[in-house]
Amino acid sequence: MFEYGNACVQLPAIPGSDEGRGIVGDEDCLVLNIWAPTIGPTKIPTGSDQLPVMFWIHGGGNSVGSGGSETTQIYDGSLMATEHNVIVVTLNYRMGPLGWFAHDSLMNTSSTPEDASGNFGTLDLIAGLNWVQANIDSFGGDPGNVTIFGESAGGSNVLALMASQLATGLFQRAIVQSGALEIESMEDAQQIGKNSYNDDRLSSREIAARWLVNTGRASDKANAIAVQDETVPEELALWLRSLSPQEMYSIFDTGFAGMIRMPMILGDGYVLPKMKAADVFADSANYASVPVMIGSTRDEMKLFMAFSPEYVEFMGNIVTGIRDLDAYNRDVKYGTDMWRAEGVDQLAELMSQHNPDVYAYRFDADDWRNFGVIDLKELIGAAHALEIPFVFGYFPAPAKIVFPDSTFGEVELLSNAMMSYWTEFAYHGKPGMGRNGEELYWEPWRDTSRGGHYMILDTELDGGIRMTEEVLSLDEVKAAFFADSSHKTKEERCLSYRSAFVGRNYDMGEYTSLGCQ
């Protein structure tokens, strides 16, 4: 058919846009979207003429988003397919508690290791790759040349597929855009309370306790914990499986863009290893050591901090100013540097020890319009996810409004170059000089003979595309933070720490040493 399927179940990005259901999407959602060059049915490429396949995994914190819809077409693969002769596939996968949920009653009563894993969203992605292996030749695609690529949680899922034994041989290249892999231990995924690094994401037993209270099967949290301990696994598992999506999502508060926080990507020992990500990628025997492109944006954290009342001022729902521009940029930099150190540089260093085809980038384009009331270049900059339209070459009408007319030609030139690099990588496992052979040569991470570890992707207005040499480590970023004397108050320093070192990089001992509570 020639229309998008249902998105998977999720909370609405805009509260109140769900027509009172509490959720959007549908459980009947496991669909793929395919774009191919314009070719007649009698001219579908076969044999050595088959085309590379680019398999896109959307982001959204593994709790929101879809592979495409009539209203959200930023993953439109038509331009990439037609201009660079590739097959583009996007897909949906289950998310939130329907995608990753590892309650012991479900694990102990499952008949297969897949069902017991709790990694249902990851298994959906693997099912999608298996579908490609079986069917993509009907569209002219080469099942022996598949590139998986994704952004944010989609990038994390790319890394998870690289680490999964069940995905072995299903792809030959990988592109990770602003993703970092966190494999949750099953202990953290199930325990009540905060996990081992003081994160307040809800464990499966905590979630089940809230469901029990919310549906009247328990009087309070303590009673709900006791009910889980005292109910036989078969009975509790049957009840958990009977919950409707509305009941499941009724206990969650809507976070940024509808996202929820809970353990996802689980180290079950079957779908995914019981290992930390750094340990997985330190040894090529642990993962699919295929050619890799990996990168981030220069101002990752601005997407999130630009809507935080701790940093910006609002009039209604409209941002009208930045409270302290110097403090804003400082805290953005620490958070972004941590993102890059963990999600790019650390992984590139590990992978390149036994893989010569590791390529890294940083996306810097920030040619936004100054609206007077607010300068988008300062507020948004090169924020998280802003490279996506450049990769696909698809700029919806609102995007064109926020780029000045005088800069949009430069924006399109950068987009063309990025599509050229991405598709050349899909063809040959090296971005090289792009599909057109006219771009700046992209050096591997380990080859610094010409002065660069990674590629900066920027418009000519701000220095253009260029290689540079810089490696960030987690320890260096934290050392710089603790040596920073620019914080005016203890409260400002505490906010800065919380903003920069979220999740597994947060250390309660460090936080309290600053006098924070």
# chains A, B, ... in the order shown; residues from 1 in each chain; ligands from 1
>>> closest_atom_pairs(of="range 35-114 of chain A", to="range 240-258 of chain A", cutoff="10 Å", atoms="only C-alpha atoms", output="tab-separated table")
residue	atom	partner	partner_atom	distance
A:Gly60	CA	A:Ala257	CA	8.3
A:Gly61	CA	A:Gly258	CA	9.5
A:Ser63	CA	A:Gly258	CA	7.8
A:Val64	CA	A:Gly258	CA	6.6
A:Gly65	CA	A:Gly258	CA	9.4
A:Gly96	CA	A:Tyr249	CA	8.9
A:Pro97	CA	A:Met248	CA	7.5
A:Leu98	CA	A:Pro245	CA	8.3
A:His103	CA	A:Leu240	CA	9.3
A:Ser105	CA	A:Leu240	CA	9.0
A:Leu106	CA	A:Leu240	CA	8.2
>>> write_last_selection(atoms="all heavy atoms", output="JSON list (two decimals), in the first residue's frame")
[["chain", "number", "residue", "atom", "x", "y", "z"],
["A", 60, "GLY", "N", 13.77, 8.81, 19.82],
["A", 60, "GLY", "CA", 12.63, 9.15, 20.67],
["A", 60, "GLY", "C", 12.70, 8.49, 22.03],
["A", 60, "GLY", "O", 11.66, 8.20, 22.64],
["A", 61, "GLY", "N", 13.93, 8.27, 22.52],
["A", 61, "GLY", "CA", 14.07, 7.70, 23.85],
["A", 61, "GLY", "C", 13.50, 6.30, 23.99],
["A", 61, "GLY", "O", 13.21, 5.85, 25.10],
["A", 63, "SER", "N", 10.68, 5.50, 23.49],
["A", 63, "SER", "CA", 9.33, 5.59, 24.05],
["A", 63, "SER", "C", 8.38, 6.42, 23.19],
["A", 63, "SER", "O", 7.17, 6.38, 23.41],
["A", 63, "SER", "CB", 9.37, 6.17, 25.48],
["A", 63, "SER", "OG", 10.00, 7.43, 25.51],
["A", 64, "VAL", "N", 8.90, 7.17, 22.21],
["A", 64, "VAL", "CA", 8.03, 7.92, 21.29],
["A", 64, "VAL", "C", 8.62, 7.86, 19.88],
["A", 64, "VAL", "O", 9.78, 7.50, 19.69],
["A", 64, "VAL", "CB", 7.87, 9.41, 21.71],
["A", 64, "VAL", "CG1", 7.21, 9.53, 23.06],
["A", 64, "VAL", "CG2", 9.23, 10.13, 21.70],
["A", 65, "GLY", "N", 7.81, 8.23, 18.90],
["A", 65, "GLY", "CA", 8.27, 8.31, 17.53],
["A", 65, "GLY", "C", 7.73, 7.19, 16.66],
["A", 65, "GLY", "O", 7.02, 6.29, 17.11],
["A", 96, "GLY", "N", 8.59, 1.78, 25.10],
["A", 96, "GLY", "CA", 8.16, 1.88, 26.48],
["A", 96, "GLY", "C", 7.94, 0.52, 27.11],
["A", 96, "GLY", "O", 8.66, -0.44, 26.83],
["A", 97, "PRO", "N", 6.90, 0.35, 27.94],
["A", 97, "PRO", "CA", 6.67, -0.92, 28.62],
["A", 97, "PRO", "C", 6.24, -2.04, 27.68],
["A", 97, "PRO", "O", 6.31, -3.22, 28.04],
["A", 97, "PRO", "CB", 5.57, -0.60, 29.63],
["A", 97, "PRO", "CG", 4.85, 0.58, 29.06],
["A", 97, "PRO", "CD", 5.92, 1.38, 28.35],
["A", 98, "LEU", "N", 5.79, -1.70, 26.48],
["A", 98, "LEU", "CA", 5.46, -2.73, 25.49],
["A", 98, "LEU", "C", 6.71, -3.18, 24.73],
["A", 98, "LEU", "O", 6.71, -4.24, 24.10],
["A", 98, "LEU", "CB", 4.42, -2.20, 24.51],
["A", 98, "LEU", "CG", 3.01, -2.02, 25.09],
["A", 98, "LEU", "CD1", 2.15, -1.21, 24.14],
["A", 98, "LEU", "CD2", 2.36, -3.36, 25.39],
["A", 103, "HIS", "N", 9.84, -8.16, 33.98],
["A", 103, "HIS", "CA", 9.32, -8.54, 35.30],
["A", 103, "HIS", "C", 9.59, -10.03, 35.52],
["A", 103, "HIS", "O", 9.44, -10.85, 34.62],
["A", 103, "HIS", "CB", 7.83, -8.25, 35.39],
["A", 103, "HIS", "CG", 7.31, -8.27, 36.79],
["A", 103, "HIS", "ND1", 6.99, -9.45, 37.45],
["A", 103, "HIS", "CD2", 7.07, -7.27, 37.68],
["A", 103, "HIS", "CE1", 6.57, -9.16, 38.67],
["A", 103, "HIS", "NE2", 6.61, -7.84, 38.83],
["A", 105, "SER", "N", 7.99, -12.36, 36.96],
["A", 105, "SER", "CA", 6.87, -13.29, 36.72],
["A", 105, "SER", "C", 6.75, -13.61, 35.23],
["A", 105, "SER", "O", 6.41, -14.74, 34.87],
["A", 105, "SER", "CB", 5.56, -12.70, 37.24],
["A", 105, "SER", "OG", 5.17, -11.57, 36.48],
["A", 106, "LEU", "N", 7.00, -12.64, 34.38],
["A", 106, "LEU", "CA", 6.97, -12.88, 32.94],
["A", 106, "LEU", "C", 8.16, -13.73, 32.50],
["A", 106, "LEU", "O", 8.02, -14.65, 31.69],
["A", 106, "LEU", "CB", 6.96, -11.55, 32.18],
["A", 106, "LEU", "CG", 5.74, -10.65, 32.40],
["A", 106, "LEU", "CD1", 5.97, -9.30, 31.73],
["A", 106, "LEU", "CD2", 4.48, -11.31, 31.86]]
>>> closest_residue(among="A:Thr46, A:Ser473, A:Gln10, A:Thr459", to="Ala348 in chain A", atoms="only C-alpha atoms")
A:Ser473
>>> residues_around(residues="range 81-90 of chain A", least_positions_apart="5", cutoff="7 Å", atoms="only C-alpha atoms", output="VMD selection string")
chain A and resid 32 to 38 51 to 57 67 141 423
>>> write_last_selection(atoms="C-alpha atoms", output="PDB file, in the first residue's frame")
ATOM      1  CA  LEU A  32       8.025  -1.017   7.337  1.00  0.00           C
ATOM      2  CA  ASN A  33       8.226   1.824   4.807  1.00  0.00           C
ATOM      3  CA  ILE A  34      10.327   1.390   1.666  1.00  0.00           C
ATOM      4  CA  TRP A  35      11.662   3.925  -0.839  1.00  0.00           C
ATOM      5  CA  ALA A  36      13.351   2.791  -4.037  1.00  0.00           C
ATOM      6  CA  PRO A  37      14.595   4.587  -7.163  1.00  0.00           C
ATOM      7  CA  THR A  38      11.993   5.051  -9.886  1.00  0.00           C
ATOM      8  CA  LEU A  51      21.268  -1.781  -4.601  1.00  0.00           C
ATOM      9  CA  PRO A  52      22.543  -1.124  -1.074  1.00  0.00           C
ATOM     10  CA  VAL A  53      19.841  -1.092   1.596  1.00  0.00           C
ATOM     11  CA  MET A  54      19.766   1.635   4.256  1.00  0.00           C
ATOM     12  CA  PHE A  55      17.700   0.512   7.263  1.00  0.00           C
ATOM     13  CA  TRP A  56      16.692   3.507   9.421  1.00  0.00           C
ATOM     14  CA  ILE A  57      15.815   3.231  13.142  1.00  0.00           C
ATOM     15  CA  GLY A  67       9.322   5.321  11.135  1.00  0.00           C
ATOM     16  CA  GLY A 141      17.811  -4.301  -2.794  1.00  0.00           C
ATOM     17  CA  THR A 423      25.251   6.666   0.738  1.00  0.00           C
TER      18      THR A 423
END
>>> closest_residue(among="A:Gly463, A:Gly128, A:Gly372, A:Gly118", to="Tyr270 in chain A", atoms="only C-alpha atoms")
A:Gly118
>>> residues_around(residues="Phe392 in chain A", least_positions_apart="5", cutoff="7 Å", atoms="only C-alpha atoms", output="PyMOL selection string")
chain A and resi 75-77+79-80+419
>>> write_last_selection(atoms="N, CA and C atoms", output="PDB file, in the first residue's frame")
ATOM      1  N   TYR A  75      11.590  11.522   7.975  1.00  0.00           N
ATOM      2  CA  TYR A  75      12.333  10.329   7.570  1.00  0.00           C
ATOM      3  C   TYR A  75      11.953   9.899   6.152  1.00  0.00           C
ATOM      4  N   ASP A  76      11.548  10.840   5.339  1.00  0.00           N
ATOM      5  CA  ASP A  76      11.191  10.546   3.954  1.00  0.00           C
ATOM      6  C   ASP A  76      12.469  10.181   3.192  1.00  0.00           C
ATOM      7  N   GLY A  77      12.549   8.929   2.731  1.00  0.00           N
ATOM      8  CA  GLY A  77      13.756   8.451   2.075  1.00  0.00           C
ATOM      9  C   GLY A  77      13.762   8.606   0.568  1.00  0.00           C
ATOM     10  N   LEU A  79      14.318  11.189  -1.556  1.00  0.00           N
ATOM     11  CA  LEU A  79      15.430  11.901  -2.183  1.00  0.00           C
ATOM     12  C   LEU A  79      16.716  11.084  -2.115  1.00  0.00           C
ATOM     13  N   MET A  80      16.981  10.491  -0.972  1.00  0.00           N
ATOM     14  CA  MET A  80      18.169   9.657  -0.827  1.00  0.00           C
ATOM     15  C   MET A  80      18.126   8.491  -1.808  1.00  0.00           C
ATOM     16  N   MET A 419      24.373  13.549   2.443  1.00  0.00           N
ATOM     17  CA  MET A 419      23.741  12.408   1.766  1.00  0.00           C
ATOM     18  C   MET A 419      24.755  11.648   0.925  1.00  0.00           C
TER      19      MET A 419
END
>>> atom_distance(atom1="CA of Glu492 in chain A", atom2="CA of Ile322 in chain A")
14.8 Å
>>> closest_atom_pairs(of="range 449-508 of chain A", to="range 181-194 of chain A", cutoff="12 Å", atoms="only C-alpha atoms", output="Markdown table")
| residue | atom | partner | partner_atom | distance |
| --- | --- | --- | --- | --- |
| A:Gly503 | CA | A:Glu182 | CA | 9.7 |
| A:Arg504 | CA | A:Glu182 | CA | 8.6 |
| A:Asn505 | CA | A:Glu182 | CA | 11.3 |
| A:Met508 | CA | A:Lys194 | CA | 11.8 |
>>> residues_around(residues="range 282-295 of chain A", least_positions_apart="3", cutoff="9 Å", atoms="only C-alpha atoms", output="NGL selection string")
:A and (155 or 161-165 or 167-169 or 171-179 or 273 or 277-279 or 340 or 343-345 or 347-351 or 353-363 or 422 or 425 or 429-431 or 454-455)
>>> atom_distance(atom1="CA of Tyr394 in chain A", atom2="CA of Met418 in chain A")
12.2 Å
>>> atom_distance(atom1="CA of Arg205 in chain A", atom2="CA of Leu266 in chain A")
14.8 Å
>>> closest_residue(among="A:Trp442, A:Phe408, A:Trp211, A:Phe304", to="Gly381 in chain A", atoms="only C-alpha atoms")
A:Phe304
>>> residues_around(residues="Val319 in chain A", least_positions_apart="3", cutoff="10 Å", atoms="only C-alpha atoms", output="PyMOL selection string")
chain A and resi 306-309+312-316+322+373-374+379
>>> select_by_dssp(residues="range 277-427 of chain A", states="strand (DSSP E)", output="list of chain:residue names")
A:Val292, A:Met293, A:Ile294, A:Gly295, A:Ser296, A:Thr297, A:Val312, A:Glu313, A:Phe314, A:Met315, A:Ile318, A:Val319, A:Thr320, A:Gly321, A:Ile322, A:Val358, A:Tyr359, A:Ala360, A:Tyr361, A:Arg362, A:Phe363
>>> select_by_dssp(residues="range 417-468 of chain A", states="alpha helix (DSSP H)", output="VMD selection string")
chain A and resid 417 to 428
>>> closest_residue(among="A:Thr336, A:Asn329, A:Ser66, A:Asn92", to="Ala500 in chain A", atoms="only C-alpha atoms")
A:Thr336
>>> closest_residue(among="A:Met338, A:Ala426, A:Val146, A:Ala385", to="Leu472 in chain A", atoms="only C-alpha atoms")
A:Met338
